[in-house]
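data_24.cif follows (mmCIF, C-alpha atoms):
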data_entry
#
loop_
_atom_site.group_PDB
_atom_site.id
_atom_site.type_symbol
_atom_site.label_atom_id
_atom_site.label_comp_id
_atom_site.auth_asym_id
_atom_site.auth_seq_id
_atom_site.Cartn_x
_atom_site.Cartn_y
_atom_site.Cartn_z
ATOM 1 C CA MET T 797 21.714 -6.754 -43.676
ATOM 2 C CA TYR T 798 18.059 -6.945 -42.684
ATOM 3 C CA ASP T 799 15.103 -5.766 -44.704
ATOM 4 C CA LEU T 800 13.385 -4.390 -41.620
ATOM 5 C CA ILE T 801 14.604 -3.550 -38.124
ATOM 6 C CA ILE T 802 11.813 -3.247 -35.574
ATOM 7 C CA ILE T 803 12.604 -1.499 -32.301
ATOM 8 C CA GLY T 804 10.334 -2.949 -29.626
ATOM 9 C CA ALA T 805 8.671 -6.360 -29.312
ATOM 10 C CA GLY T 806 5.296 -5.407 -27.890
ATOM 11 C CA PRO T 807 2.038 -6.079 -29.768
ATOM 12 C CA ALA T 808 2.837 -3.433 -32.415
ATOM 13 C CA GLY T 809 6.392 -4.656 -33.013
ATOM 14 C CA LEU T 810 5.435 -8.338 -33.045
ATOM 15 C CA SER T 811 2.537 -7.646 -35.432
ATOM 16 C CA ALA T 812 4.946 -5.771 -37.705
ATOM 17 C CA ALA T 813 7.316 -8.753 -37.666
ATOM 18 C CA ILE T 814 4.473 -11.103 -38.640
ATOM 19 C CA TYR T 815 3.478 -8.948 -41.614
ATOM 20 C CA ALA T 816 7.086 -8.467 -42.677
ATOM 21 C CA GLY T 817 7.620 -12.220 -42.643
ATOM 22 C CA ARG T 818 4.427 -12.813 -44.608
ATOM 23 C CA SER T 819 5.781 -10.371 -47.195
ATOM 24 C CA GLY T 820 8.959 -12.416 -47.508
ATOM 25 C CA LYS T 821 11.159 -9.877 -45.745
ATOM 26 C CA LYS T 822 13.923 -10.535 -43.224
ATOM 27 C CA ALA T 823 13.027 -8.835 -39.942
ATOM 28 C CA LEU T 824 15.022 -8.190 -36.779
ATOM 29 C CA LEU T 825 13.269 -7.357 -33.511
ATOM 30 C CA LEU T 826 15.278 -5.412 -30.934
ATOM 31 C CA GLU T 827 13.815 -5.541 -27.434
ATOM 32 C CA GLU T 828 15.398 -4.051 -24.316
ATOM 33 C CA LYS T 829 13.564 -6.278 -21.806
ATOM 34 C CA ASN T 830 11.020 -9.011 -22.552
ATOM 35 C CA TYR T 831 8.735 -9.479 -25.514
ATOM 36 C CA GLY T 832 5.076 -8.592 -25.103
ATOM 37 C CA GLY T 833 5.303 -5.092 -23.656
ATOM 38 C CA GLN T 834 2.811 -3.850 -21.061
ATOM 39 C CA ILE T 835 0.089 -6.251 -22.188
ATOM 40 C CA VAL T 836 1.781 -9.176 -20.395
ATOM 41 C CA ASN T 837 0.623 -7.605 -17.103
ATOM 42 C CA THR T 838 -3.070 -7.757 -18.057
ATOM 43 C CA PRO T 839 -4.757 -10.767 -16.427
ATOM 44 C CA ASP T 840 -7.704 -10.967 -18.815
ATOM 45 C CA ILE T 841 -8.067 -9.474 -22.309
ATOM 46 C CA GLU T 842 -11.680 -9.331 -23.443
ATOM 47 C CA ASN T 843 -11.677 -6.435 -25.932
ATOM 48 C CA TYR T 844 -9.623 -7.939 -28.773
ATOM 49 C CA PRO T 845 -11.833 -8.836 -31.764
ATOM 50 C CA GLY T 846 -12.391 -12.557 -32.162
ATOM 51 C CA ILE T 847 -10.983 -13.543 -28.752
ATOM 52 C CA SER T 848 -13.447 -13.548 -25.842
ATOM 53 C CA HIS T 849 -10.897 -14.087 -23.056
ATOM 54 C CA ILE T 850 -7.126 -14.555 -22.959
ATOM 55 C CA SER T 851 -4.429 -13.492 -20.520
ATOM 56 C CA GLY T 852 -1.965 -10.841 -21.649
ATOM 57 C CA PHE T 853 0.910 -13.260 -21.168
ATOM 58 C CA GLU T 854 -0.715 -15.923 -23.343
ATOM 59 C CA PHE T 855 -1.570 -13.375 -26.017
ATOM 60 C CA ALA T 856 2.011 -12.075 -26.131
ATOM 61 C CA MET T 857 3.409 -15.602 -26.232
ATOM 62 C CA GLU T 858 1.186 -16.536 -29.195
ATOM 63 C CA LEU T 859 2.180 -13.345 -31.035
ATOM 64 C CA PHE T 860 5.842 -14.101 -30.425
ATOM 65 C CA LYS T 861 5.560 -17.691 -31.637
ATOM 66 C CA GLN T 862 3.730 -16.500 -34.742
ATOM 67 C CA ALA T 863 6.427 -13.900 -35.499
ATOM 68 C CA GLU T 864 9.124 -16.546 -35.082
ATOM 69 C CA SER T 865 7.248 -18.919 -37.396
ATOM 70 C CA PHE T 866 7.504 -16.281 -40.123
ATOM 71 C CA GLY T 867 11.269 -16.016 -39.652
ATOM 72 C CA ALA T 868 11.600 -13.034 -37.342
ATOM 73 C CA GLU T 869 14.824 -12.854 -35.351
ATOM 74 C CA ILE T 870 14.873 -11.272 -31.886
ATOM 75 C CA LYS T 871 17.788 -9.813 -29.965
ATOM 76 C CA TYR T 872 17.458 -8.517 -26.412
ATOM 77 C CA GLU T 873 19.325 -5.252 -26.805
ATOM 78 C CA LYS T 874 18.469 -1.600 -26.219
ATOM 79 C CA ALA T 875 18.413 0.521 -29.353
ATOM 80 C CA LEU T 876 20.350 3.730 -28.730
ATOM 81 C CA SER T 877 20.256 5.527 -32.075
ATOM 82 C CA ILE T 878 19.252 5.407 -35.733
ATOM 83 C CA SER T 879 21.481 6.820 -38.468
ATOM 84 C CA GLY T 880 22.070 6.507 -42.200
ATOM 85 C CA ASP T 881 20.175 7.502 -45.326
ATOM 86 C CA ASP T 882 19.290 4.757 -47.814
ATOM 87 C CA THR T 883 20.641 2.119 -45.442
ATOM 88 C CA LYS T 884 19.597 2.579 -41.824
ATOM 89 C CA VAL T 885 22.045 1.759 -39.040
ATOM 90 C CA VAL T 886 20.620 0.986 -35.602
ATOM 91 C CA THR T 887 23.173 1.134 -32.805
ATOM 92 C CA THR T 888 22.386 -0.800 -29.634
ATOM 93 C CA ASN T 889 24.124 -1.315 -26.311
ATOM 94 C CA LYS T 890 25.749 -4.390 -27.850
ATOM 95 C CA GLY T 891 26.376 -3.655 -31.501
ATOM 96 C CA GLN T 892 25.173 -2.237 -34.813
ATOM 97 C CA TYR T 893 22.658 -3.559 -37.353
ATOM 98 C CA GLU T 894 21.879 -2.446 -40.889
ATOM 99 C CA GLY T 895 18.447 -2.463 -42.469
ATOM 100 C CA LYS T 896 16.572 -1.034 -45.410
ATOM 101 C CA ALA T 897 13.908 0.408 -43.105
ATOM 102 C CA VAL T 898 13.174 0.840 -39.401
ATOM 103 C CA ILE T 899 9.935 0.720 -37.427
ATOM 104 C CA ILE T 900 9.936 2.418 -34.030
ATOM 105 C CA ALA T 901 7.556 0.474 -31.771
ATOM 106 C CA THR T 902 8.920 1.324 -28.348
ATOM 107 C CA GLY T 903 5.524 1.561 -26.646
ATOM 108 C CA ALA T 904 5.348 3.523 -23.415
ATOM 109 C CA LYS T 905 6.522 3.123 -19.828
ATOM 110 C CA ASN T 906 4.776 3.665 -16.520
ATOM 111 C CA ARG T 907 4.231 7.253 -15.447
ATOM 112 C CA LYS T 908 5.552 8.037 -11.963
ATOM 113 C CA LEU T 909 4.097 10.222 -9.228
ATOM 114 C CA GLY T 910 7.400 12.069 -8.935
ATOM 115 C CA LEU T 911 7.628 11.847 -5.150
ATOM 116 C CA GLY T 912 11.070 11.968 -3.538
ATOM 117 C CA ASN T 913 11.195 8.450 -2.112
ATOM 118 C CA GLU T 914 9.181 6.753 -4.872
ATOM 119 C CA ASP T 915 12.095 5.149 -6.724
ATOM 120 C CA SER T 916 13.798 3.918 -3.567
ATOM 121 C CA LEU T 917 10.606 2.164 -2.435
ATOM 122 C CA VAL T 918 10.032 0.180 -5.621
ATOM 123 C CA GLY T 919 9.961 -3.451 -4.486
ATOM 124 C CA ARG T 920 9.462 -2.338 -0.882
ATOM 125 C CA GLY T 921 5.813 -1.388 -1.126
ATOM 126 C CA VAL T 922 5.653 0.640 -4.346
ATOM 127 C CA SER T 923 4.664 -1.195 -7.506
ATOM 128 C CA TYR T 924 3.420 -0.400 -11.012
ATOM 129 C CA CYS T 925 2.065 -3.889 -11.700
ATOM 130 C CA ALA T 926 -0.737 -5.342 -9.601
ATOM 131 C CA THR T 927 -0.779 -8.677 -11.414
ATOM 132 C CA CYS T 928 2.970 -9.022 -10.911
ATOM 133 C CA ASP T 929 3.129 -8.118 -7.228
ATOM 134 C CA GLY T 930 -0.409 -8.358 -5.893
ATOM 135 C CA MET T 931 0.037 -11.805 -4.355
ATOM 136 C CA PHE T 932 2.669 -10.397 -1.985
ATOM 137 C CA TYR T 933 -0.112 -8.406 -0.308
ATOM 138 C CA ARG T 934 -2.540 -11.192 0.508
ATOM 139 C CA ASP T 935 -4.670 -10.194 3.522
ATOM 140 C CA LYS T 936 -2.972 -6.797 3.681
ATOM 141 C CA VAL T 937 -4.133 -3.242 3.002
ATOM 142 C CA VAL T 938 -3.103 -1.490 -0.219
ATOM 143 C CA ALA T 939 -3.861 1.629 -2.229
ATOM 144 C CA VAL T 940 -4.180 2.081 -5.984
ATOM 145 C CA ASN T 941 -3.602 5.504 -7.531
ATOM 146 C CA GLY T 942 -5.369 6.312 -10.797
ATOM 147 C CA GLY T 943 -8.750 6.621 -12.478
ATOM 148 C CA GLY T 944 -8.445 4.854 -15.827
ATOM 149 C CA ASN T 945 -9.011 1.276 -16.916
ATOM 150 C CA THR T 946 -5.691 0.031 -15.556
ATOM 151 C CA ALA T 947 -6.272 1.500 -12.087
ATOM 152 C CA VAL T 948 -9.790 0.109 -11.825
ATOM 153 C CA GLU T 949 -8.699 -3.311 -13.140
ATOM 154 C CA ASP T 950 -5.839 -3.306 -10.624
ATOM 155 C CA ALA T 951 -8.173 -2.470 -7.740
ATOM 156 C CA LEU T 952 -10.600 -5.241 -8.723
ATOM 157 C CA PHE T 953 -7.754 -7.729 -9.011
ATOM 158 C CA LEU T 954 -6.247 -6.770 -5.655
ATOM 159 C CA ALA T 955 -9.643 -6.925 -3.935
ATOM 160 C CA ASN T 956 -9.600 -10.684 -4.486
ATOM 161 C CA TYR T 957 -6.539 -11.067 -2.244
ATOM 162 C CA CYS T 958 -6.214 -8.009 -0.025
ATOM 163 C CA LYS T 959 -8.072 -7.195 3.180
ATOM 164 C CA LYS T 960 -8.809 -3.698 1.907
ATOM 165 C CA VAL T 961 -8.092 -1.637 -1.212
ATOM 166 C CA TYR T 962 -8.207 2.156 -1.358
ATOM 167 C CA ILE T 963 -8.403 3.662 -4.831
ATOM 168 C CA VAL T 964 -7.210 7.265 -4.950
ATOM 169 C CA HIS T 965 -8.240 9.414 -7.912
ATOM 170 C CA ARG T 966 -7.750 13.129 -8.492
ATOM 171 C CA ARG T 967 -11.215 13.575 -9.998
ATOM 172 C CA ASP T 968 -14.703 12.793 -8.740
ATOM 173 C CA GLU T 969 -15.430 10.386 -11.600
ATOM 174 C CA PHE T 970 -13.446 7.555 -13.157
ATOM 175 C CA ARG T 971 -12.376 7.458 -16.814
ATOM 176 C CA ALA T 972 -12.546 3.669 -16.857
ATOM 177 C CA ASP T 973 -15.202 1.558 -18.588
ATOM 178 C CA GLU T 974 -18.562 1.917 -16.857
ATOM 179 C CA LYS T 975 -19.063 -1.808 -16.330
ATOM 180 C CA ASP T 976 -15.753 -2.055 -14.451
ATOM 181 C CA VAL T 977 -16.543 1.017 -12.359
ATOM 182 C CA ALA T 978 -19.859 -0.604 -11.439
ATOM 183 C CA LYS T 979 -18.009 -3.734 -10.293
ATOM 184 C CA LEU T 980 -15.672 -1.522 -8.254
ATOM 185 C CA LYS T 981 -18.557 0.049 -6.348
ATOM 186 C CA GLU T 982 -20.022 -3.374 -5.534
ATOM 187 C CA LYS T 983 -16.917 -4.554 -3.687
ATOM 188 C CA ASP T 984 -17.202 -4.295 0.102
ATOM 189 C CA ASN T 985 -13.431 -4.137 0.598
ATOM 190 C CA ILE T 986 -12.781 -1.278 -1.851
ATOM 191 C CA GLU T 987 -12.965 2.313 -0.596
ATOM 192 C CA LEU T 988 -13.032 5.218 -3.066
ATOM 193 C CA VAL T 989 -10.864 8.231 -2.209
ATOM 194 C CA LEU T 990 -11.939 10.766 -4.830
ATOM 195 C CA ASN T 991 -10.883 14.348 -5.573
ATOM 196 C CA CYS T 992 -7.587 13.579 -3.868
ATOM 197 C CA THR T 993 -3.922 13.461 -4.800
ATOM 198 C CA ILE T 994 -1.080 11.658 -3.059
ATOM 199 C CA LYS T 995 1.272 14.141 -1.434
ATOM 200 C CA GLU T 996 3.614 11.753 0.367
ATOM 201 C CA ILE T 997 4.535 8.099 0.734
ATOM 202 C CA VAL T 998 5.066 7.307 4.406
ATOM 203 C CA ALA T 999 7.786 4.705 4.922
ATOM 204 C CA ASP T 1000 10.767 3.526 6.895
ATOM 205 C CA GLU T 1001 12.277 0.467 5.222
ATOM 206 C CA MET T 1002 8.858 -0.426 3.782
ATOM 207 C CA VAL T 1003 5.759 1.522 2.801
ATOM 208 C CA LYS T 1004 3.586 2.247 5.842
ATOM 209 C CA GLY T 1005 1.052 4.675 4.431
ATOM 210 C CA ILE T 1006 0.199 7.542 2.121
ATOM 211 C CA VAL T 1007 -0.772 11.144 2.742
ATOM 212 C CA VAL T 1008 -3.581 12.337 0.476
ATOM 213 C CA VAL T 1009 -4.780 15.898 -0.065
ATOM 214 C CA ASP T 1010 -8.395 16.759 -0.834
ATOM 215 C CA LYS T 1011 -8.336 19.080 -3.866
ATOM 216 C CA THR T 1012 -11.460 20.931 -2.728
ATOM 217 C CA THR T 1013 -10.760 21.503 0.972
ATOM 218 C CA ASN T 1014 -6.933 21.088 1.006
ATOM 219 C CA GLU T 1015 -7.451 18.799 3.984
ATOM 220 C CA GLU T 1016 -4.709 16.195 4.452
ATOM 221 C CA ARG T 1017 -5.305 12.631 5.565
ATOM 222 C CA GLN T 1018 -2.937 9.757 6.251
ATOM 223 C CA ILE T 1019 -4.073 6.318 5.167
ATOM 224 C CA ASP T 1020 -2.163 3.355 6.558
ATOM 225 C CA VAL T 1021 -1.323 0.856 3.800
ATOM 226 C CA ASN T 1022 1.237 -1.866 3.201
ATOM 227 C CA GLY T 1023 1.546 -1.210 -0.505
ATOM 228 C CA LEU T 1024 0.924 1.421 -3.175
ATOM 229 C CA PHE T 1025 0.133 0.480 -6.771
ATOM 230 C CA ILE T 1026 0.608 3.414 -9.149
ATOM 231 C CA ALA T 1027 -1.520 3.291 -12.296
ATOM 232 C CA ILE T 1028 -1.647 6.834 -13.653
ATOM 233 C CA GLY T 1029 -0.829 6.188 -17.272
ATOM 234 C CA GLN T 1030 2.234 5.855 -19.402
ATOM 235 C CA VAL T 1031 4.816 8.039 -21.104
ATOM 236 C CA PRO T 1032 6.675 7.364 -24.371
ATOM 237 C CA ASP T 1033 10.346 6.453 -24.476
ATOM 238 C CA ASN T 1034 11.515 8.016 -27.743
ATOM 239 C CA GLY T 1035 14.199 10.423 -26.564
ATOM 240 C CA ASP T 1036 16.979 8.436 -28.261
ATOM 241 C CA PHE T 1037 15.417 9.106 -31.667
ATOM 242 C CA GLU T 1038 14.581 12.812 -31.420
ATOM 243 C CA ASN T 1039 17.399 13.678 -33.829
ATOM 244 C CA VAL T 1040 15.954 11.560 -36.647
ATOM 245 C CA VAL T 1041 12.155 11.822 -36.264
ATOM 246 C CA GLU T 1042 9.841 14.616 -35.168
ATOM 247 C CA LEU T 1043 8.383 14.252 -31.683
ATOM 248 C CA GLU T 1044 5.253 15.805 -30.204
ATOM 249 C CA ASN T 1045 5.037 15.681 -26.410
ATOM 250 C CA GLY T 1046 7.499 12.814 -26.558
ATOM 251 C CA TYR T 1047 5.472 10.773 -29.058
ATOM 252 C CA VAL T 1048 6.695 10.152 -32.605
ATOM 253 C CA LYS T 1049 4.632 12.392 -34.855
ATOM 254 C CA ALA T 1050 2.714 10.394 -37.465
ATOM 255 C CA ASP T 1051 -0.832 9.854 -38.685
ATOM 256 C CA GLU T 1052 -2.648 6.582 -39.362
ATOM 257 C CA SER T 1053 -0.267 5.838 -42.261
ATOM 258 C CA CYS T 1054 2.528 5.330 -39.689
ATOM 259 C CA TYR T 1055 5.005 7.332 -41.824
ATOM 260 C CA THR T 1056 7.364 9.619 -39.904
ATOM 261 C CA ASN T 1057 8.939 12.738 -41.373
ATOM 262 C CA THR T 1058 12.067 10.721 -42.229
ATOM 263 C CA PRO T 1059 12.025 8.409 -45.280
ATOM 264 C CA GLY T 1060 12.610 4.790 -44.322
ATOM 265 C CA ILE T 1061 11.550 5.240 -40.692
ATOM 266 C CA TYR T 1062 8.042 4.276 -39.588
ATOM 267 C CA VAL T 1063 6.294 4.174 -36.223
ATOM 268 C CA ALA T 1064 3.713 1.835 -34.713
ATOM 269 C CA GLY T 1065 1.774 1.476 -31.484
ATOM 270 C CA ASP T 1066 1.483 3.498 -28.311
ATOM 271 C CA CYS T 1067 4.662 5.496 -28.974
ATOM 272 C CA ARG T 1068 3.094 7.486 -31.845
ATOM 273 C CA THR T 1069 0.728 10.459 -31.732
ATOM 274 C CA LYS T 1070 -2.824 9.086 -31.703
ATOM 275 C CA GLU T 1071 -6.156 9.385 -29.940
ATOM 276 C CA VAL T 1072 -6.769 5.722 -29.124
ATOM 277 C CA ARG T 1073 -4.146 3.463 -27.533
ATOM 278 C CA GLN T 1074 -5.566 -0.037 -27.341
ATOM 279 C CA LEU T 1075 -4.301 -3.533 -28.094
ATOM 280 C CA ALA T 1076 -6.258 -3.637 -31.370
ATOM 281 C CA THR T 1077 -4.858 -0.295 -32.561
ATOM 282 C CA ALA T 1078 -1.291 -1.335 -31.701
ATOM 283 C CA ALA T 1079 -1.647 -4.504 -33.777
ATOM 284 C CA ALA T 1080 -3.204 -2.492 -36.621
ATOM 285 C CA ASP T 1081 -0.314 -0.002 -36.548
ATOM 286 C CA GLY T 1082 2.189 -2.839 -36.729
ATOM 287 C CA ALA T 1083 0.510 -4.268 -39.821
ATOM 288 C CA ILE T 1084 0.216 -0.856 -41.524
ATOM 289 C CA ALA T 1085 3.821 0.150 -40.793
ATOM 290 C CA ALA T 1086 5.261 -3.178 -41.953
ATOM 291 C CA LEU T 1087 3.246 -3.267 -45.171
ATOM 292 C CA ALA T 1088 4.219 0.337 -45.949
ATOM 293 C CA ALA T 1089 7.894 -0.390 -45.302
ATOM 294 C CA CYS T 1090 7.835 -3.558 -47.422
ATOM 295 C CA ALA T 1091 5.995 -1.852 -50.301
ATOM 296 C CA ASN T 1092 8.623 0.881 -50.441
ATOM 297 C CA MET T 1093 11.418 -1.723 -50.721
ATOM 298 C CA ASP T 1094 10.007 -3.304 -53.894
#

Rewrite the coordinates I just gave you, this time as structure tokens.
Amino acid sequence: MYDLIIIGAGPAGLSAAIYAGRSGKKALLLEEKNYGGQIVNTPDIENYPGISHISGFEFAMELFKQAESFGAEIKYEKALSISGDDTKVVTTNKGQYEGKAVIIATGAKNRKLGLGNEDSLVGRGVSYCATCDGMFYRDKVVAVNGGGNTAVEDALFLANYCKKVYIVHRRDEFRADEKDVAKLKEKDNIELVLNCTIKEIVADEMVKGIVVVDKTTNEERQIDVNGLFIAIGQVPDNGDFENVVELENGYVKADESCYTNTPGIYVAGDCRTKEVRQLATAAADGAIAALAACANMD
């Protein structure tokens, strides 16, 4: 029996484990893949209070070590369901675990374009992680799709290695931070393809190009590229819990208190309904959810 079962070991889940341990509670982290979540793919974090620069991987590793130092246990299993009243039972792909409370901190996963051959080309020219796969495209031509911080950061990163980088965005202005957009426009090997959407990925065994459509003129254009990096946001992964907590557009419905509509179940991080999804807010959610859960056990 655990005091607290935390589903997801990203920044929110790891922060929750730290605060649970500091409160003297026994915490179990359940993580389907690797600890750290999406932040491990960020090459340089410079917006976390008190830390000027740190890589996402280093940040996640330090969080994990800190959670372990406070007694958190981690199991690499996918949580499939939550049941029970006073005692919560979390069923995974490998077993069942009982806890007094549960925090859902599943984060979000990469949003796809939804094109027919997209899935089959992952690893053969289609990628969702520039820092993971960018080095495979040294001196080649690539495209980035998106207009937010991740897309702009990806394009800047890839410009250091690639011969040319196209960045395709469906609007005429970027949503990313202004200072990063300014850097983007200074790069000689980055070409902006604005007001356009990607209609098709051209490929045989590997990606050979993309077909973009101008939203104003409907004119189509093929751009020859060796790789396509998709950075158009994320979607929550909470479908397994829709029978126990209320969802809104796939996100667990909760305010800043991190309480769900079900007693004993809390939510933290990018998987909950909120306006701002940043590293600092994920960590804050983890602390709030854990302290609330622990207070209600005493």

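Ranking T:Ile801, T:Val1007, T:Leu876, T:Leu824 by their shortest atom-to-atom distance to Asn1034 of chain T, with all atoms listed in the file included, puts T:Leu876 first.
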
Quick one: residues within 9 Å of Ile814 of chain T, all atoms listed in the file counted, chain neighbours fewer than 6 positions away excluded, as a PyMOL selection string?
chain T and resi 823+859-860+862-868+1082-1083+1086

So which residues touch Lys979 of chain T within 12 Å, counting only C-alpha atoms, skipping near sequence neighbours fewer than 2 positions away, as number ranges by chain?
T: 948-949, 951-953, 955, 972-977, 981-986

So that I have them on file, write out the residues from the current selection with C-alpha atoms, as a PDB file, in the frame of the given file.
ATOM      1  CA  VAL T 948      -9.790   0.109 -11.825  1.00  0.00           C
ATOM      2  CA  GLU T 949      -8.699  -3.311 -13.140  1.00  0.00           C
ATOM      3  CA  ALA T 951      -8.173  -2.470  -7.740  1.00  0.00           C
ATOM      4  CA  LEU T 952     -10.600  -5.241  -8.723  1.00  0.00           C
ATOM      5  CA  PHE T 953      -7.754  -7.729  -9.011  1.00  0.00           C
ATOM      6  CA  ALA T 955      -9.643  -6.925  -3.935  1.00  0.00           C
ATOM      7  CA  ALA T 972     -12.546   3.669 -16.857  1.00  0.00           C
ATOM      8  CA  ASP T 973     -15.202   1.558 -18.588  1.00  0.00           C
ATOM      9  CA  GLU T 974     -18.562   1.917 -16.857  1.00  0.00           C
ATOM     10  CA  LYS T 975     -19.063  -1.808 -16.330  1.00  0.00           C
ATOM     11  CA  ASP T 976     -15.753  -2.055 -14.451  1.00  0.00           C
ATOM     12  CA  VAL T 977     -16.543   1.017 -12.359  1.00  0.00           C
ATOM     13  CA  LYS T 981     -18.557   0.049  -6.348  1.00  0.00           C
ATOM     14  CA  GLU T 982     -20.022  -3.374  -5.534  1.00  0.00           C
ATOM     15  CA  LYS T 983     -16.917  -4.554  -3.687  1.00  0.00           C
ATOM     16  CA  ASP T 984     -17.202  -4.295   0.102  1.00  0.00           C
ATOM     17  CA  ASN T 985     -13.431  -4.137   0.598  1.00  0.00           C
ATOM     18  CA  ILE T 986     -12.781  -1.278  -1.851  1.00  0.00           C
TER      19      ILE T 986
END

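One finds atom CA of Ile963 of chain T at 5.2 Å from atom CA of Leu988 of chain T.
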
On this file, the PyMOL selection byres ((chain T and resi 1064-1077) around 7) gives some set of residues; write that set as a short mmCIF file (atom, residue, chain, number, x, y, z; two decimals) with C-alpha atoms, keeping the file's coordinate frame.
data_model
loop_
_atom_site.label_atom_id
_atom_site.label_comp_id
_atom_site.auth_asym_id
_atom_site.auth_seq_id
_atom_site.Cartn_x
_atom_site.Cartn_y
_atom_site.Cartn_z
CA ALA T 808 2.84 -3.43 -32.42
CA TYR T 844 -9.62 -7.94 -28.77
CA ILE T 899 9.94 0.72 -37.43
CA ILE T 900 9.94 2.42 -34.03
CA ALA T 901 7.56 0.47 -31.77
CA THR T 902 8.92 1.32 -28.35
CA GLY T 903 5.52 1.56 -26.65
CA ALA T 904 5.35 3.52 -23.42
CA PRO T 1032 6.68 7.36 -24.37
CA TYR T 1047 5.47 10.77 -29.06
CA VAL T 1048 6.70 10.15 -32.60
CA LYS T 1049 4.63 12.39 -34.85
CA ALA T 1050 2.71 10.39 -37.47
CA CYS T 1054 2.53 5.33 -39.69
CA TYR T 1062 8.04 4.28 -39.59
CA VAL T 1063 6.29 4.17 -36.22
CA ALA T 1078 -1.29 -1.34 -31.70
CA ALA T 1079 -1.65 -4.50 -33.78
CA ALA T 1080 -3.20 -2.49 -36.62
CA ASP T 1081 -0.31 0.00 -36.55
CA GLY T 1082 2.19 -2.84 -36.73
CA ALA T 1085 3.82 0.15 -40.79
#

In Å, how far is it from atom CA of Asp1033 of chain T to atom CA of Lys905 of chain T?
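One can read the atom CA of Asp1033 of chain T to atom CA of Lys905 of chain T distance as 6.9 Å.
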
Which is closer to Ser879 of chain T than all the others in T:Val1031, T:Val922, T:Leu1087, T:Val1041, using all atoms listed in the file?
T:Val1041

Just say which residues the PyMOL selection byres ((chain T and resi 1094) around 12) picks in this file, as an MDAnalysis selection string.
chainID T and resid 799 819:821 896 1087:1093

Can you tell me how far atom CA of Lys1011 of chain T sits from atom CA of Val940 of chain T, in Å to one decimal?
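Atom-to-atom, atom CA of Lys1011 of chain T to atom CA of Val940 of chain T, that is 17.6 Å.
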
Could you check which of T:Ile994, T:Ile803, T:Ile870, T:Ile878 is closest to Asn1039 of chain T, using all atoms listed in the file?
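Nearest to Asn1039 of chain T: T:Ile878.
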
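Nearest to Glu996 of chain T of all the residues T:Glu914, T:Glu827, T:Glu1038, T:Glu873 is T:Glu914, based on all atoms listed in the file.
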
Output the residue selection produced by the PyMOL selection byres ((chain T and resi 890) around 9) on the file above, formatted as a tab-separated table (two decimals) with C-alpha atoms, in the frame of the given file.
chain	number	residue	atom	x	y	z
T	873	GLU	CA	19.32	-5.25	-26.80
T	874	LYS	CA	18.47	-1.60	-26.22
T	875	ALA	CA	18.41	0.52	-29.35
T	887	THR	CA	23.17	1.13	-32.80
T	888	THR	CA	22.39	-0.80	-29.63
T	889	ASN	CA	24.12	-1.32	-26.31
T	891	GLY	CA	26.38	-3.66	-31.50
T	892	GLN	CA	25.17	-2.24	-34.81

Determine the nearest neighbour of Phe970 of chain T from the options T:Arg1017, T:Ile1028, T:Cys958, T:Cys928, counting all atoms listed in the file.
T:Ile1028

So which one's closest to Gly921 of chain T, T:Ser811, T:Asp1051, T:Asn843, T:Ala999? Using all atoms listed in the file, please.
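For Gly921 of chain T, the nearest of the given residues is T:Ala999.
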
For Gln1018 of chain T, work out the shell of residues within 12 Å, counting only C-alpha atoms and skipping chain neighbours fewer than 4 positions away, then give it as a list in words.
Ala939, Tyr962, Val989, Cys992, Thr993, Ile994, Lys995, Glu996, Ile997, Val998, Ala999, Lys1004, Gly1005, Ile1006, Val1007, Val1008, Val1009 and Asp1010 of chain T

Taking 6 positions as the minimum chain separation for residues in the same chain, which residues sit within 12 Å of Met857 of chain T when counting all atoms listed in the file? Answer as a list in words.
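Here the answer would be Ala805, Gly806, Pro807, Leu810, Asn830, Tyr831, Gly832, Gly833, Ile835, Val836, Ile850, Ser851, Ala863 and Glu864 of chain T.
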